[in-house]
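Below is start.cif, holding mmCIF, N, CA, C and O atoms.
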```
data_input
#
loop_
_atom_site.label_atom_id
_atom_site.label_comp_id
_atom_site.auth_asym_id
_atom_site.auth_seq_id
_atom_site.Cartn_x
_atom_site.Cartn_y
_atom_site.Cartn_z
N MET A 1 41.81 -3.35 -2.53
CA MET A 1 40.54 -3.06 -3.16
C MET A 1 39.47 -2.92 -2.09
O MET A 1 39.31 -3.77 -1.23
N THR A 2 38.70 -1.84 -2.14
CA THR A 2 37.65 -1.56 -1.18
C THR A 2 36.38 -2.30 -1.59
O THR A 2 35.96 -2.24 -2.74
N LYS A 3 35.78 -2.99 -0.62
CA LYS A 3 34.53 -3.70 -0.89
C LYS A 3 33.37 -2.74 -0.71
O LYS A 3 33.43 -1.83 0.09
N SER A 4 32.29 -3.01 -1.49
CA SER A 4 31.11 -2.17 -1.40
C SER A 4 29.89 -3.05 -1.18
O SER A 4 29.82 -4.16 -1.69
N ASN A 5 28.94 -2.54 -0.43
CA ASN A 5 27.67 -3.23 -0.29
C ASN A 5 26.56 -2.46 -1.00
O ASN A 5 25.40 -2.77 -0.86
N ASN A 6 26.95 -1.46 -1.80
CA ASN A 6 26.00 -0.69 -2.58
C ASN A 6 25.71 -1.46 -3.87
O ASN A 6 26.58 -1.62 -4.72
N ALA A 7 24.49 -1.94 -4.02
CA ALA A 7 24.12 -2.78 -5.16
C ALA A 7 24.35 -2.07 -6.49
O ALA A 7 24.79 -2.69 -7.46
N ILE A 8 24.06 -0.79 -6.55
CA ILE A 8 24.24 -0.04 -7.80
C ILE A 8 25.72 -0.02 -8.19
O ILE A 8 26.07 -0.25 -9.35
N LYS A 9 26.58 0.24 -7.24
CA LYS A 9 28.02 0.26 -7.53
C LYS A 9 28.51 -1.12 -7.96
O LYS A 9 29.33 -1.24 -8.88
N ILE A 10 28.02 -2.14 -7.31
CA ILE A 10 28.41 -3.51 -7.66
C ILE A 10 27.96 -3.84 -9.08
O ILE A 10 28.74 -4.36 -9.88
N LEU A 11 26.71 -3.51 -9.40
CA LEU A 11 26.20 -3.78 -10.76
C LEU A 11 26.95 -2.97 -11.80
O LEU A 11 27.26 -3.49 -12.88
N ASP A 12 27.25 -1.73 -11.51
CA ASP A 12 28.03 -0.90 -12.45
C ASP A 12 29.38 -1.54 -12.73
O ASP A 12 29.84 -1.59 -13.87
N LYS A 13 30.01 -2.04 -11.68
CA LYS A 13 31.32 -2.67 -11.85
C LYS A 13 31.20 -3.95 -12.67
O LYS A 13 32.05 -4.25 -13.51
N MET A 14 30.14 -4.71 -12.44
CA MET A 14 29.95 -5.98 -13.15
C MET A 14 29.60 -5.77 -14.62
O MET A 14 30.02 -6.53 -15.48
N THR A 15 28.81 -4.75 -14.92
CA THR A 15 28.36 -4.55 -16.30
C THR A 15 29.38 -3.83 -17.15
O THR A 15 29.38 -3.98 -18.37
N GLY A 16 30.24 -3.05 -16.52
CA GLY A 16 31.23 -2.31 -17.29
C GLY A 16 30.54 -1.45 -18.33
O GLY A 16 29.69 -0.63 -18.00
N ASN A 17 30.88 -1.62 -19.58
CA ASN A 17 30.27 -0.86 -20.66
C ASN A 17 29.31 -1.69 -21.49
O ASN A 17 29.05 -1.37 -22.65
N ASP A 18 28.80 -2.78 -20.94
CA ASP A 18 27.88 -3.67 -21.67
C ASP A 18 26.48 -3.05 -21.67
O ASP A 18 25.72 -3.18 -20.71
N ILE A 19 26.14 -2.38 -22.75
CA ILE A 19 24.87 -1.66 -22.85
C ILE A 19 23.68 -2.61 -22.78
O ILE A 19 22.67 -2.31 -22.15
N GLU A 20 23.79 -3.78 -23.42
CA GLU A 20 22.69 -4.76 -23.38
C GLU A 20 22.43 -5.23 -21.96
O GLU A 20 21.29 -5.33 -21.53
N LEU A 21 23.49 -5.53 -21.24
CA LEU A 21 23.35 -5.99 -19.86
C LEU A 21 22.77 -4.88 -18.98
O LEU A 21 21.91 -5.13 -18.14
N GLU A 22 23.22 -3.65 -19.18
CA GLU A 22 22.67 -2.52 -18.43
C GLU A 22 21.18 -2.36 -18.70
O GLU A 22 20.40 -2.11 -17.77
N ALA A 23 20.76 -2.53 -19.96
CA ALA A 23 19.34 -2.42 -20.31
C ALA A 23 18.53 -3.52 -19.65
O ALA A 23 17.42 -3.28 -19.15
N MET A 24 19.07 -4.73 -19.63
CA MET A 24 18.38 -5.85 -19.00
C MET A 24 18.22 -5.59 -17.49
O MET A 24 17.15 -5.81 -16.92
N ILE A 25 19.26 -5.11 -16.86
CA ILE A 25 19.19 -4.82 -15.42
C ILE A 25 18.18 -3.71 -15.16
O ILE A 25 17.41 -3.78 -14.20
N ALA A 26 18.17 -2.69 -16.00
CA ALA A 26 17.21 -1.59 -15.83
C ALA A 26 15.78 -2.10 -15.93
O ALA A 26 14.91 -1.72 -15.14
N GLU A 27 15.52 -2.99 -16.89
CA GLU A 27 14.18 -3.54 -17.06
C GLU A 27 13.77 -4.38 -15.85
O GLU A 27 12.65 -4.27 -15.36
N GLU A 28 14.69 -5.20 -15.38
CA GLU A 28 14.39 -6.02 -14.21
C GLU A 28 14.16 -5.15 -12.97
O GLU A 28 13.32 -5.46 -12.13
N SER A 29 14.89 -4.06 -12.87
CA SER A 29 14.71 -3.14 -11.74
C SER A 29 13.32 -2.52 -11.77
O SER A 29 12.68 -2.37 -10.73
N ILE A 30 12.86 -2.18 -12.97
CA ILE A 30 11.52 -1.61 -13.10
C ILE A 30 10.47 -2.63 -12.71
O ILE A 30 9.52 -2.33 -11.98
N ASN A 31 10.63 -3.88 -13.16
CA ASN A 31 9.68 -4.93 -12.79
C ASN A 31 9.61 -5.10 -11.28
O ASN A 31 8.52 -5.21 -10.70
N ALA A 32 10.77 -5.10 -10.64
CA ALA A 32 10.81 -5.26 -9.19
C ALA A 32 10.17 -4.05 -8.50
O ALA A 32 9.45 -4.20 -7.50
N GLU A 33 10.42 -2.87 -9.03
CA GLU A 33 9.86 -1.66 -8.43
C GLU A 33 8.33 -1.65 -8.54
O GLU A 33 7.63 -1.30 -7.58
N VAL A 34 7.80 -2.04 -9.69
CA VAL A 34 6.34 -2.08 -9.88
C VAL A 34 5.73 -3.13 -8.95
O VAL A 34 4.71 -2.88 -8.31
N ALA A 35 6.36 -4.30 -8.86
CA ALA A 35 5.86 -5.34 -7.97
C ALA A 35 5.81 -4.85 -6.53
O ALA A 35 4.82 -5.06 -5.82
N GLN A 36 6.86 -4.18 -6.10
CA GLN A 36 6.92 -3.65 -4.73
C GLN A 36 5.87 -2.57 -4.52
O GLN A 36 5.25 -2.49 -3.46
N LEU A 37 5.65 -1.75 -5.52
CA LEU A 37 4.65 -0.69 -5.44
C LEU A 37 3.25 -1.28 -5.24
O LEU A 37 2.48 -0.81 -4.40
N ILE A 38 2.94 -2.32 -6.00
CA ILE A 38 1.63 -2.99 -5.87
C ILE A 38 1.49 -3.61 -4.49
O ILE A 38 0.46 -3.44 -3.82
N TYR A 39 2.52 -4.32 -4.06
CA TYR A 39 2.50 -4.95 -2.74
C TYR A 39 2.29 -3.90 -1.64
O TYR A 39 1.45 -4.07 -0.76
N ALA A 40 3.05 -2.82 -1.70
CA ALA A 40 2.96 -1.78 -0.67
C ALA A 40 1.58 -1.13 -0.65
O ALA A 40 1.01 -0.89 0.42
N ALA A 41 1.02 -0.86 -1.82
CA ALA A 41 -0.31 -0.23 -1.88
C ALA A 41 -1.37 -1.18 -1.31
O ALA A 41 -2.26 -0.75 -0.57
N ARG A 42 -1.27 -2.45 -1.66
CA ARG A 42 -2.25 -3.44 -1.17
C ARG A 42 -2.17 -3.59 0.33
O ARG A 42 -3.19 -3.55 1.04
N THR A 43 -0.95 -3.76 0.86
CA THR A 43 -0.82 -3.98 2.30
C THR A 43 -1.16 -2.72 3.09
O THR A 43 -1.72 -2.82 4.18
N LYS A 44 -0.85 -1.55 2.54
CA LYS A 44 -1.22 -0.30 3.21
C LYS A 44 -2.74 -0.18 3.31
O LYS A 44 -3.27 0.35 4.29
N ALA A 45 -3.44 -0.72 2.31
CA ALA A 45 -4.91 -0.70 2.33
C ALA A 45 -5.46 -1.80 3.24
O ALA A 45 -6.67 -1.88 3.44
N GLY A 46 -4.58 -2.63 3.78
CA GLY A 46 -5.01 -3.69 4.69
C GLY A 46 -5.71 -4.85 4.00
O GLY A 46 -6.52 -5.53 4.61
N LEU A 47 -5.37 -5.07 2.73
CA LEU A 47 -6.02 -6.12 1.95
C LEU A 47 -5.10 -7.31 1.72
O LEU A 47 -3.89 -7.15 1.59
N THR A 48 -5.70 -8.48 1.66
CA THR A 48 -4.97 -9.66 1.24
C THR A 48 -4.96 -9.68 -0.29
O THR A 48 -5.71 -8.94 -0.93
N GLN A 49 -4.15 -10.55 -0.85
CA GLN A 49 -4.15 -10.69 -2.31
C GLN A 49 -5.54 -11.12 -2.79
O GLN A 49 -6.03 -10.62 -3.80
N LYS A 50 -6.17 -12.01 -2.05
CA LYS A 50 -7.49 -12.48 -2.44
C LYS A 50 -8.52 -11.35 -2.40
O LYS A 50 -9.35 -11.22 -3.31
N GLN A 51 -8.48 -10.54 -1.37
CA GLN A 51 -9.42 -9.42 -1.27
C GLN A 51 -9.24 -8.42 -2.40
O GLN A 51 -10.22 -7.96 -2.99
N LEU A 52 -7.99 -8.09 -2.73
CA LEU A 52 -7.73 -7.18 -3.84
C LEU A 52 -8.23 -7.79 -5.14
O LEU A 52 -8.86 -7.10 -5.95
N ALA A 53 -7.97 -9.06 -5.33
CA ALA A 53 -8.41 -9.75 -6.55
C ALA A 53 -9.93 -9.67 -6.67
O ALA A 53 -10.46 -9.39 -7.76
N GLU A 54 -10.63 -9.91 -5.59
CA GLU A 54 -12.10 -9.86 -5.62
C GLU A 54 -12.60 -8.47 -5.97
O GLU A 54 -13.54 -8.31 -6.75
N LEU A 55 -11.96 -7.43 -5.42
CA LEU A 55 -12.35 -6.06 -5.74
C LEU A 55 -12.13 -5.75 -7.22
O LEU A 55 -12.86 -4.94 -7.81
N MET A 56 -11.13 -6.40 -7.81
CA MET A 56 -10.80 -6.15 -9.22
C MET A 56 -11.53 -7.09 -10.17
O MET A 56 -11.43 -6.93 -11.38
N GLY A 57 -12.23 -8.09 -9.62
CA GLY A 57 -12.91 -9.05 -10.48
C GLY A 57 -11.97 -10.05 -11.12
O GLY A 57 -12.17 -10.49 -12.24
N THR A 58 -10.91 -10.41 -10.37
CA THR A 58 -9.96 -11.39 -10.88
C THR A 58 -9.66 -12.41 -9.78
O THR A 58 -10.38 -12.46 -8.80
N LYS A 59 -8.64 -13.21 -9.96
CA LYS A 59 -8.30 -14.26 -9.01
C LYS A 59 -7.00 -13.90 -8.27
O LYS A 59 -6.15 -13.16 -8.78
N GLN A 60 -6.84 -14.49 -7.10
CA GLN A 60 -5.66 -14.23 -6.26
C GLN A 60 -4.34 -14.51 -6.97
O GLN A 60 -3.39 -13.73 -6.82
N PRO A 61 -4.22 -15.58 -7.77
CA PRO A 61 -2.94 -15.83 -8.44
C PRO A 61 -2.50 -14.69 -9.37
O PRO A 61 -1.31 -14.47 -9.58
N VAL A 62 -3.47 -13.94 -9.90
CA VAL A 62 -3.13 -12.79 -10.75
C VAL A 62 -2.40 -11.74 -9.91
O VAL A 62 -1.38 -11.20 -10.34
N ILE A 63 -2.91 -11.49 -8.72
CA ILE A 63 -2.27 -10.50 -7.84
C ILE A 63 -0.90 -11.01 -7.41
O ILE A 63 0.07 -10.24 -7.37
N ALA A 64 -0.79 -12.29 -7.10
CA ALA A 64 0.50 -12.87 -6.72
C ALA A 64 1.52 -12.68 -7.83
O ALA A 64 2.68 -12.32 -7.57
N ARG A 65 1.12 -12.90 -9.07
CA ARG A 65 2.05 -12.69 -10.20
C ARG A 65 2.47 -11.23 -10.30
O ARG A 65 3.64 -10.93 -10.54
N LEU A 66 1.51 -10.32 -10.14
CA LEU A 66 1.82 -8.89 -10.24
C LEU A 66 2.79 -8.45 -9.16
O LEU A 66 3.55 -7.51 -9.35
N GLU A 67 2.76 -9.11 -8.01
CA GLU A 67 3.64 -8.77 -6.91
C GLU A 67 4.97 -9.51 -6.96
O GLU A 67 5.82 -9.33 -6.09
N ASP A 68 5.16 -10.32 -7.97
CA ASP A 68 6.40 -11.08 -8.16
C ASP A 68 7.40 -10.20 -8.91
O ASP A 68 7.14 -9.76 -10.03
N ALA A 69 8.56 -9.96 -8.32
CA ALA A 69 9.57 -9.09 -8.93
C ALA A 69 10.05 -9.61 -10.28
O ALA A 69 10.56 -8.85 -11.08
N ASN A 70 9.87 -10.90 -10.54
CA ASN A 70 10.32 -11.48 -11.81
C ASN A 70 9.27 -11.41 -12.90
O ASN A 70 9.54 -11.78 -14.04
N TYR A 71 8.07 -10.96 -12.57
CA TYR A 71 6.98 -10.90 -13.55
C TYR A 71 7.24 -9.76 -14.53
O TYR A 71 7.56 -8.65 -14.13
N GLU A 72 7.10 -10.06 -15.82
CA GLU A 72 7.39 -9.07 -16.85
C GLU A 72 6.14 -8.57 -17.56
O GLU A 72 6.24 -7.86 -18.56
N GLY A 73 4.95 -8.92 -17.08
CA GLY A 73 3.73 -8.58 -17.79
C GLY A 73 2.93 -7.43 -17.21
O GLY A 73 1.74 -7.31 -17.47
N HIS A 74 3.58 -6.58 -16.42
CA HIS A 74 2.85 -5.43 -15.87
C HIS A 74 2.34 -4.55 -17.02
O HIS A 74 3.05 -4.29 -17.97
N SER A 75 1.11 -4.12 -16.87
CA SER A 75 0.55 -3.21 -17.88
C SER A 75 -0.01 -1.98 -17.19
O SER A 75 -0.41 -2.03 -16.03
N LEU A 76 -0.03 -0.91 -17.94
CA LEU A 76 -0.56 0.33 -17.40
C LEU A 76 -2.03 0.18 -17.04
O LEU A 76 -2.47 0.66 -16.00
N SER A 77 -2.78 -0.53 -17.86
CA SER A 77 -4.21 -0.69 -17.58
C SER A 77 -4.43 -1.46 -16.28
O SER A 77 -5.32 -1.13 -15.50
N MET A 78 -3.61 -2.48 -16.02
CA MET A 78 -3.75 -3.24 -14.78
C MET A 78 -3.37 -2.37 -13.59
O MET A 78 -4.03 -2.40 -12.56
N LEU A 79 -2.31 -1.59 -13.73
CA LEU A 79 -1.93 -0.68 -12.64
C LEU A 79 -3.03 0.33 -12.35
O LEU A 79 -3.30 0.65 -11.19
N GLN A 80 -3.67 0.82 -13.41
CA GLN A 80 -4.77 1.76 -13.22
C GLN A 80 -5.96 1.10 -12.51
O GLN A 80 -6.59 1.72 -11.66
N LYS A 81 -6.25 -0.15 -12.83
CA LYS A 81 -7.34 -0.87 -12.15
C LYS A 81 -7.03 -1.03 -10.67
O LYS A 81 -7.90 -0.82 -9.82
N ILE A 82 -5.80 -1.41 -10.37
CA ILE A 82 -5.40 -1.56 -8.97
C ILE A 82 -5.52 -0.23 -8.24
O ILE A 82 -6.09 -0.15 -7.15
N ALA A 83 -4.99 0.81 -8.85
CA ALA A 83 -5.04 2.14 -8.23
C ALA A 83 -6.49 2.55 -8.00
O ALA A 83 -6.83 3.09 -6.94
N HIS A 84 -7.35 2.30 -8.97
CA HIS A 84 -8.76 2.69 -8.86
C HIS A 84 -9.43 2.03 -7.66
O HIS A 84 -10.08 2.71 -6.86
N VAL A 85 -9.27 0.70 -7.51
CA VAL A 85 -9.94 0.02 -6.40
C VAL A 85 -9.32 0.40 -5.06
O VAL A 85 -9.98 0.26 -4.03
N LEU A 86 -8.09 0.91 -5.07
CA LEU A 86 -7.45 1.35 -3.83
C LEU A 86 -7.60 2.86 -3.62
O LEU A 86 -6.98 3.43 -2.72
N ASN A 87 -8.43 3.49 -4.46
CA ASN A 87 -8.67 4.93 -4.38
C ASN A 87 -7.37 5.73 -4.50
O ASN A 87 -7.10 6.64 -3.72
N GLN A 88 -6.56 5.32 -5.47
CA GLN A 88 -5.29 5.99 -5.73
C GLN A 88 -5.20 6.27 -7.22
O GLN A 88 -6.08 5.90 -7.99
N LYS A 89 -4.12 6.91 -7.65
CA LYS A 89 -3.90 7.12 -9.07
C LYS A 89 -2.46 6.79 -9.41
O LYS A 89 -1.58 6.85 -8.56
N VAL A 90 -2.25 6.42 -10.65
CA VAL A 90 -0.91 6.10 -11.15
C VAL A 90 -0.32 7.37 -11.73
O VAL A 90 -0.98 8.07 -12.50
N ILE A 91 0.91 7.66 -11.36
CA ILE A 91 1.62 8.80 -11.92
C ILE A 91 2.87 8.28 -12.62
O ILE A 91 3.65 7.54 -12.02
N ILE A 92 3.04 8.68 -13.86
CA ILE A 92 4.21 8.27 -14.63
C ILE A 92 5.02 9.51 -14.96
O ILE A 92 4.46 10.54 -15.32
N ASP A 93 6.32 9.38 -14.86
CA ASP A 93 7.19 10.52 -15.11
C ASP A 93 8.39 10.04 -15.91
O ASP A 93 8.81 8.89 -15.79
N MET A 94 8.90 10.90 -16.75
CA MET A 94 10.13 10.61 -17.48
C MET A 94 11.15 11.66 -17.08
O MET A 94 10.86 12.85 -17.13
N ILE A 95 12.30 11.18 -16.66
CA ILE A 95 13.35 12.11 -16.23
C ILE A 95 14.65 11.78 -16.98
O ILE A 95 14.85 10.65 -17.41
N PRO A 96 15.50 12.76 -17.13
CA PRO A 96 16.76 12.52 -17.84
C PRO A 96 17.62 11.50 -17.10
O PRO A 96 17.61 11.45 -15.87
N ILE A 97 18.33 10.69 -17.85
CA ILE A 97 19.25 9.73 -17.27
C ILE A 97 20.57 10.44 -16.98
O ILE A 97 21.11 11.13 -17.84
N THR A 98 21.03 10.25 -15.76
CA THR A 98 22.33 10.81 -15.39
C THR A 98 23.17 9.67 -14.81
O THR A 98 22.63 8.64 -14.41
N ALA A 99 24.42 9.85 -14.76
CA ALA A 99 25.31 8.83 -14.20
C ALA A 99 24.94 8.49 -12.76
O ALA A 99 25.02 7.35 -12.35
N SER A 100 24.48 9.48 -12.02
CA SER A 100 24.15 9.24 -10.62
C SER A 100 22.80 8.55 -10.43
O SER A 100 22.53 8.01 -9.38
N SER A 101 21.96 8.51 -11.47
CA SER A 101 20.64 7.86 -11.33
C SER A 101 20.68 6.41 -11.74
O SER A 101 19.68 5.72 -11.72
N ARG A 102 21.82 5.90 -12.14
CA ARG A 102 21.94 4.48 -12.50
C ARG A 102 21.99 3.61 -11.29
O ARG A 102 22.47 3.87 -10.29
#
```

Translate the structure of the given file into structure tokens.
Amino acid sequence: MTKSNNAIKILDKMTGNDIELEAMIAEESINAEVAQLIYAARTKAGLTQKQLAELMGTKQPVIARLEDANYEGHSLSMLQKIAHVLNQKVIIDMIPITASSR
């Protein structure tokens, strides 16, 4: 048996045909991706969590939660606020699901 270090292949093998488990993994992947996106935008702007929070009129722990891959409360309005203070915009796209995009 050939070993793989490709996380997608490993998860596919583990989930088999379990649609519920696949959906849960997809949701967690999105949460992690959004958290990473916020972190990358903030650090690229050269801001600390506290500085970003102040620009948004909130507290640093809010930004820390948003940058946590396990946080499930991301909202479009919060992403738009972050993008606005960083002089960026949020782009959302829907693309067809294919076997290779899993």

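CA of Ile95 (chain A) lies 24.8 Å from CA of Lys81 (chain A).
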
Do you know which residues the PyMOL selection byres (((chain A and resi 46-49 and name CA) around 10) and name CA) returns on this file, as a compact mmCIF listing (two decimals) with N, CA, C and O atoms, in the frame of the given file?
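The resulting selection_28.txt:
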```txt
# COMPACT_ATOMS: atom_id res chain seq x y z
N TYR A 39 2.52 -4.32 -4.06
CA TYR A 39 2.50 -4.95 -2.74
C TYR A 39 2.29 -3.90 -1.64
O TYR A 39 1.45 -4.07 -0.76
N ALA A 40 3.05 -2.82 -1.70
CA ALA A 40 2.96 -1.78 -0.67
C ALA A 40 1.58 -1.13 -0.65
O ALA A 40 1.01 -0.89 0.42
N ALA A 41 1.02 -0.86 -1.82
CA ALA A 41 -0.31 -0.23 -1.88
C ALA A 41 -1.37 -1.18 -1.31
O ALA A 41 -2.26 -0.75 -0.57
N ARG A 42 -1.27 -2.45 -1.66
CA ARG A 42 -2.25 -3.44 -1.17
C ARG A 42 -2.17 -3.59 0.33
O ARG A 42 -3.19 -3.55 1.04
N THR A 43 -0.95 -3.76 0.86
CA THR A 43 -0.82 -3.98 2.30
C THR A 43 -1.16 -2.72 3.09
O THR A 43 -1.72 -2.82 4.18
N LYS A 44 -0.85 -1.55 2.54
CA LYS A 44 -1.22 -0.30 3.21
C LYS A 44 -2.74 -0.18 3.31
O LYS A 44 -3.27 0.35 4.29
N ALA A 45 -3.44 -0.72 2.31
CA ALA A 45 -4.91 -0.70 2.33
C ALA A 45 -5.46 -1.80 3.24
O ALA A 45 -6.67 -1.88 3.44
N LYS A 50 -6.17 -12.01 -2.05
CA LYS A 50 -7.49 -12.48 -2.44
C LYS A 50 -8.52 -11.35 -2.40
O LYS A 50 -9.35 -11.22 -3.31
N GLN A 51 -8.48 -10.54 -1.37
CA GLN A 51 -9.42 -9.42 -1.27
C GLN A 51 -9.24 -8.42 -2.40
O GLN A 51 -10.22 -7.96 -2.99
N LEU A 52 -7.99 -8.09 -2.73
CA LEU A 52 -7.73 -7.18 -3.84
C LEU A 52 -8.23 -7.79 -5.14
O LEU A 52 -8.86 -7.10 -5.95
N ALA A 53 -7.97 -9.06 -5.33
CA ALA A 53 -8.41 -9.75 -6.55
C ALA A 53 -9.93 -9.67 -6.67
O ALA A 53 -10.46 -9.39 -7.76
N GLU A 54 -10.63 -9.91 -5.59
CA GLU A 54 -12.10 -9.86 -5.62
C GLU A 54 -12.60 -8.47 -5.97
O GLU A 54 -13.54 -8.31 -6.75
N LEU A 55 -11.96 -7.43 -5.42
CA LEU A 55 -12.35 -6.06 -5.74
C LEU A 55 -12.13 -5.75 -7.22
O LEU A 55 -12.86 -4.94 -7.81
N LYS A 59 -8.64 -13.21 -9.96
CA LYS A 59 -8.30 -14.26 -9.01
C LYS A 59 -7.00 -13.90 -8.27
O LYS A 59 -6.15 -13.16 -8.78
N GLN A 60 -6.84 -14.49 -7.10
CA GLN A 60 -5.66 -14.23 -6.26
C GLN A 60 -4.34 -14.51 -6.97
O GLN A 60 -3.39 -13.73 -6.82
N PRO A 61 -4.22 -15.58 -7.77
CA PRO A 61 -2.94 -15.83 -8.44
C PRO A 61 -2.50 -14.69 -9.37
O PRO A 61 -1.31 -14.47 -9.58
N VAL A 62 -3.47 -13.94 -9.90
CA VAL A 62 -3.13 -12.79 -10.75
C VAL A 62 -2.40 -11.74 -9.91
O VAL A 62 -1.38 -11.20 -10.34
N ILE A 63 -2.91 -11.49 -8.72
CA ILE A 63 -2.27 -10.50 -7.84
C ILE A 63 -0.90 -11.01 -7.41
O ILE A 63 0.07 -10.24 -7.37
N ALA A 64 -0.79 -12.29 -7.10
CA ALA A 64 0.50 -12.87 -6.72
C ALA A 64 1.52 -12.68 -7.83
O ALA A 64 2.68 -12.32 -7.57
N GLU A 67 2.76 -9.11 -8.01
CA GLU A 67 3.64 -8.77 -6.91
C GLU A 67 4.97 -9.51 -6.96
O GLU A 67 5.82 -9.33 -6.09
N LEU A 86 -8.09 0.91 -5.07
CA LEU A 86 -7.45 1.35 -3.83
C LEU A 86 -7.60 2.86 -3.62
O LEU A 86 -6.98 3.43 -2.72
```

Output of the PyMOL selection byres (((chain A and resi 68 and name CA) around 10) and name CA), listed as a PyMOL selection string: chain A and resi 31-32+34-36+38-39+63-67+69-72

Nearest candidate to Val85 (chain A) (options A:Met56, A:Ile97, A:Ile30, A:Gly73; using all atoms listed in the file): A:Met56

Would you please take region 68-79 of chain A of the structure in the block above and write N, CA, C and O atoms to a file as a PDB file, in the first residue's frame?
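That gives us part34.pdb:
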```pdb
ATOM      1  N   ASP A  68      -9.356  32.259  14.122  1.00  0.00           N
ATOM      2  CA  ASP A  68      -9.285  30.890  14.636  1.00  0.00           C
ATOM      3  C   ASP A  68      -9.955  29.952  13.637  1.00  0.00           C
ATOM      4  O   ASP A  68     -11.134  30.108  13.319  1.00  0.00           O
ATOM      5  N   ALA A  69      -9.219  28.971  13.141  1.00  0.00           N
ATOM      6  CA  ALA A  69      -9.752  28.047  12.135  1.00  0.00           C
ATOM      7  C   ALA A  69     -10.959  27.265  12.637  1.00  0.00           C
ATOM      8  O   ALA A  69     -11.746  26.772  11.841  1.00  0.00           O
ATOM      9  N   ASN A  70     -11.129  27.165  13.955  1.00  0.00           N
ATOM     10  CA  ASN A  70     -12.258  26.418  14.512  1.00  0.00           C
ATOM     11  C   ASN A  70     -13.498  27.278  14.716  1.00  0.00           C
ATOM     12  O   ASN A  70     -14.545  26.762  15.095  1.00  0.00           O
ATOM     13  N   TYR A  71     -13.388  28.576  14.480  1.00  0.00           N
ATOM     14  CA  TYR A  71     -14.523  29.482  14.686  1.00  0.00           C
ATOM     15  C   TYR A  71     -15.553  29.275  13.584  1.00  0.00           C
ATOM     16  O   TYR A  71     -15.217  29.227  12.405  1.00  0.00           O
ATOM     17  N   GLU A  72     -16.815  29.142  13.979  1.00  0.00           N
ATOM     18  CA  GLU A  72     -17.883  28.872  13.015  1.00  0.00           C
ATOM     19  C   GLU A  72     -18.814  30.055  12.807  1.00  0.00           C
ATOM     20  O   GLU A  72     -19.840  29.924  12.155  1.00  0.00           O
ATOM     21  N   GLY A  73     -18.481  31.222  13.350  1.00  0.00           N
ATOM     22  CA  GLY A  73     -19.392  32.353  13.293  1.00  0.00           C
ATOM     23  C   GLY A  73     -19.049  33.427  12.276  1.00  0.00           C
ATOM     24  O   GLY A  73     -19.486  34.561  12.403  1.00  0.00           O
ATOM     25  N   HIS A  74     -18.253  33.080  11.270  1.00  0.00           N
ATOM     26  CA  HIS A  74     -17.925  34.082  10.248  1.00  0.00           C
ATOM     27  C   HIS A  74     -19.204  34.542   9.561  1.00  0.00           C
ATOM     28  O   HIS A  74     -20.066  33.747   9.228  1.00  0.00           O
ATOM     29  N   SER A  75     -19.288  35.843   9.358  1.00  0.00           N
ATOM     30  CA  SER A  75     -20.447  36.376   8.641  1.00  0.00           C
ATOM     31  C   SER A  75     -19.964  37.249   7.496  1.00  0.00           C
ATOM     32  O   SER A  75     -18.873  37.823   7.544  1.00  0.00           O
ATOM     33  N   LEU A  76     -20.797  37.342   6.495  1.00  0.00           N
ATOM     34  CA  LEU A  76     -20.456  38.160   5.345  1.00  0.00           C
ATOM     35  C   LEU A  76     -20.312  39.622   5.748  1.00  0.00           C
ATOM     36  O   LEU A  76     -19.392  40.307   5.300  1.00  0.00           O
ATOM     37  N   SER A  77     -21.169  40.091   6.641  1.00  0.00           N
ATOM     38  CA  SER A  77     -21.090  41.499   7.051  1.00  0.00           C
ATOM     39  C   SER A  77     -19.774  41.786   7.773  1.00  0.00           C
ATOM     40  O   SER A  77     -19.163  42.838   7.567  1.00  0.00           O
ATOM     41  N   MET A  78     -19.302  40.849   8.590  1.00  0.00           N
ATOM     42  CA  MET A  78     -18.029  41.057   9.291  1.00  0.00           C
ATOM     43  C   MET A  78     -16.879  41.029   8.293  1.00  0.00           C
ATOM     44  O   MET A  78     -15.959  41.841   8.378  1.00  0.00           O
ATOM     45  N   LEU A  79     -16.930  40.123   7.333  1.00  0.00           N
ATOM     46  CA  LEU A  79     -15.881  40.087   6.307  1.00  0.00           C
ATOM     47  C   LEU A  79     -15.858  41.382   5.507  1.00  0.00           C
ATOM     48  O   LEU A  79     -14.784  41.894   5.170  1.00  0.00           O
TER      49      LEU A  79
END
```
